[in-house]
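Notes follow once the structure below has been shown.
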Amino acid sequence: MILARIVGTVVSTRKDPRLDGKTLLIVKPITPEGVDESGYLVAVDTVAAGFRETVLVVSGSSARMAAECKDRPVDAAIVGIVDSVTLDALHEAGWAAARGNK
């Protein structure tokens, strides 16, 4: 699974008919601390996610198993809206140290 943030939408009037009615969103992968990582993905929204929400994205064959994506040409699907992310104390300390060194 990929932790990501919704950053935009894609409108496509001509597409595979199996994608008709599906919302396509642009997501930006993020770290557990909420820092942007490189790249973007276009994902089918299966959970009615909103702009700037943190979401869980699955890709590949897992995306085609998501609700509303079976037998559709989908490589990435949004399957959850994240309420919170918590790291254990060791990882929190490591993150704080890394931020202090920049």
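In the structure tokens, chains take letters A, B, ... by order of appearance, with residues numbered from 1 within each chain and ligands from 1 in the order shown.
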ask   = Which residues come within 12 Å of A:Arg18, counting only C-alpha atoms, excluding same-chain residues fewer than 4 positions away, as number ranges by chain?
value = A: 14, 22, 44, 68-74
query = In chain A, what's helix (DSSP H, G or I) per DSSP? Answer as a list in words?
reply =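 Those in chain A that DSSP calls helix (DSSP H, G or I) are Pro17, Arg18, Leu19, Ser61, Ser62, Ala63, Arg64, Met65, Ala89, Leu90, His91, Glu92, Ala93, Gly94, Trp95, Ala96, Ala97, Ala98, Arg99 and Gly100 of chain A.
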Could you save the residues just selected, with N, CA and C atoms, as an mmCIF file, in the first residue's frame?
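again.cif was written with the following content:
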data_model
loop_
_atom_site.group_PDB
_atom_site.id
_atom_site.type_symbol
_atom_site.label_atom_id
_atom_site.label_comp_id
_atom_site.auth_asym_id
_atom_site.auth_seq_id
_atom_site.Cartn_x
_atom_site.Cartn_y
_atom_site.Cartn_z
ATOM 1 N N PRO A 17 -14.543 2.277 -22.003
ATOM 2 C CA PRO A 17 -15.900 2.345 -21.461
ATOM 3 C C PRO A 17 -16.043 1.744 -20.063
ATOM 4 N N ARG A 18 -15.135 0.849 -19.700
ATOM 5 C CA ARG A 18 -15.195 0.258 -18.350
ATOM 6 C C ARG A 18 -14.800 1.254 -17.273
ATOM 7 N N LEU A 19 -14.253 2.414 -17.673
ATOM 8 C CA LEU A 19 -13.912 3.468 -16.714
ATOM 9 C C LEU A 19 -14.978 4.559 -16.643
ATOM 10 N N SER A 61 -2.143 -5.678 -9.409
ATOM 11 C CA SER A 61 -3.268 -6.609 -9.298
ATOM 12 C C SER A 61 -4.139 -6.306 -8.083
ATOM 13 N N SER A 62 -3.564 -5.742 -7.034
ATOM 14 C CA SER A 62 -4.359 -5.362 -5.859
ATOM 15 C C SER A 62 -5.384 -4.283 -6.213
ATOM 16 N N ALA A 63 -5.029 -3.376 -7.103
ATOM 17 C CA ALA A 63 -5.957 -2.324 -7.514
ATOM 18 C C ALA A 63 -7.149 -2.924 -8.250
ATOM 19 N N ARG A 64 -6.907 -3.946 -9.028
ATOM 20 C CA ARG A 64 -7.997 -4.567 -9.791
ATOM 21 C C ARG A 64 -8.897 -5.418 -8.905
ATOM 22 N N MET A 65 -8.504 -5.638 -7.660
ATOM 23 C CA MET A 65 -9.338 -6.372 -6.710
ATOM 24 C C MET A 65 -10.193 -5.434 -5.864
ATOM 25 N N ALA A 89 8.082 5.168 18.939
ATOM 26 C CA ALA A 89 8.990 6.178 19.480
ATOM 27 C C ALA A 89 10.359 6.166 18.802
ATOM 28 N N LEU A 90 10.879 4.996 18.466
ATOM 29 C CA LEU A 90 12.191 4.896 17.827
ATOM 30 C C LEU A 90 12.179 5.610 16.473
ATOM 31 N N HIS A 91 11.144 5.387 15.670
ATOM 32 C CA HIS A 91 11.058 6.032 14.369
ATOM 33 C C HIS A 91 10.795 7.529 14.495
ATOM 34 N N GLU A 92 10.001 7.924 15.490
ATOM 35 C CA GLU A 92 9.756 9.355 15.731
ATOM 36 C C GLU A 92 11.064 10.065 16.072
ATOM 37 N N ALA A 93 11.887 9.447 16.934
ATOM 38 C CA ALA A 93 13.164 10.046 17.326
ATOM 39 C C ALA A 93 14.105 10.149 16.125
ATOM 40 N N GLY A 94 14.133 9.113 15.300
ATOM 41 C CA GLY A 94 14.983 9.120 14.121
ATOM 42 C C GLY A 94 14.569 10.217 13.152
ATOM 43 N N TRP A 95 13.266 10.391 12.992
ATOM 44 C CA TRP A 95 12.745 11.440 12.093
ATOM 45 C C TRP A 95 13.117 12.823 12.632
ATOM 46 N N ALA A 96 12.956 13.023 13.940
ATOM 47 C CA ALA A 96 13.289 14.324 14.537
ATOM 48 C C ALA A 96 14.778 14.621 14.376
ATOM 49 N N ALA A 97 15.627 13.612 14.557
ATOM 50 C CA ALA A 97 17.073 13.802 14.399
ATOM 51 C C ALA A 97 17.415 14.147 12.953
ATOM 52 N N ALA A 98 16.791 13.462 12.018
ATOM 53 C CA ALA A 98 17.065 13.733 10.607
ATOM 54 C C ALA A 98 16.642 15.136 10.229
ATOM 55 N N ARG A 99 15.532 15.612 10.741
ATOM 56 C CA ARG A 99 15.070 16.973 10.453
ATOM 57 C C ARG A 99 15.994 18.013 11.053
ATOM 58 N N GLY A 100 16.597 17.693 12.213
ATOM 59 C CA GLY A 100 17.504 18.625 12.870
ATOM 60 C C GLY A 100 18.823 18.767 12.129
#
So that I can see what lies close to A:Val82, please list as a short mmCIF file (atom, residue, chain, number, x, y, z; two decimals) with N, CA and C atoms, in the first residue's frame the residues with an atom at most 9 Å from it, counting only C-alpha atoms and leaving out residues fewer than 4 positions away in the same chain.
data_model
loop_
_atom_site.label_atom_id
_atom_site.label_comp_id
_atom_site.auth_asym_id
_atom_site.auth_seq_id
_atom_site.Cartn_x
_atom_site.Cartn_y
_atom_site.Cartn_z
N LEU A 3 0.96 5.33 0.96
CA LEU A 3 0.37 6.46 1.67
C LEU A 3 0.50 7.67 0.75
N GLU A 53 -6.91 15.21 1.13
CA GLU A 53 -7.02 14.14 2.12
C GLU A 53 -5.87 13.16 1.95
N THR A 54 -5.47 12.56 3.07
CA THR A 54 -4.47 11.50 3.05
C THR A 54 -5.20 10.19 2.82
N VAL A 55 -4.70 9.40 1.88
CA VAL A 55 -5.39 8.18 1.47
C VAL A 55 -4.43 6.99 1.37
N LEU A 56 -5.01 5.81 1.30
CA LEU A 56 -4.26 4.59 1.02
C LEU A 56 -4.52 4.19 -0.42
#
message = If DSSP is run on the backbone, what residues of chain A are strand (DSSP E)? A reply as a count of residues only would be ideal.
response = 32
request  = Determine the nearest neighbour of A:Gly50 from the options A:Ile6, A:Ala66, A:Thr31, A:Ser84, counting only C-alpha atoms.
outcome  =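 Ranking A:Ile6, A:Ala66, A:Thr31, A:Ser84 by distance to A:Gly50, first place goes to A:Ile6.
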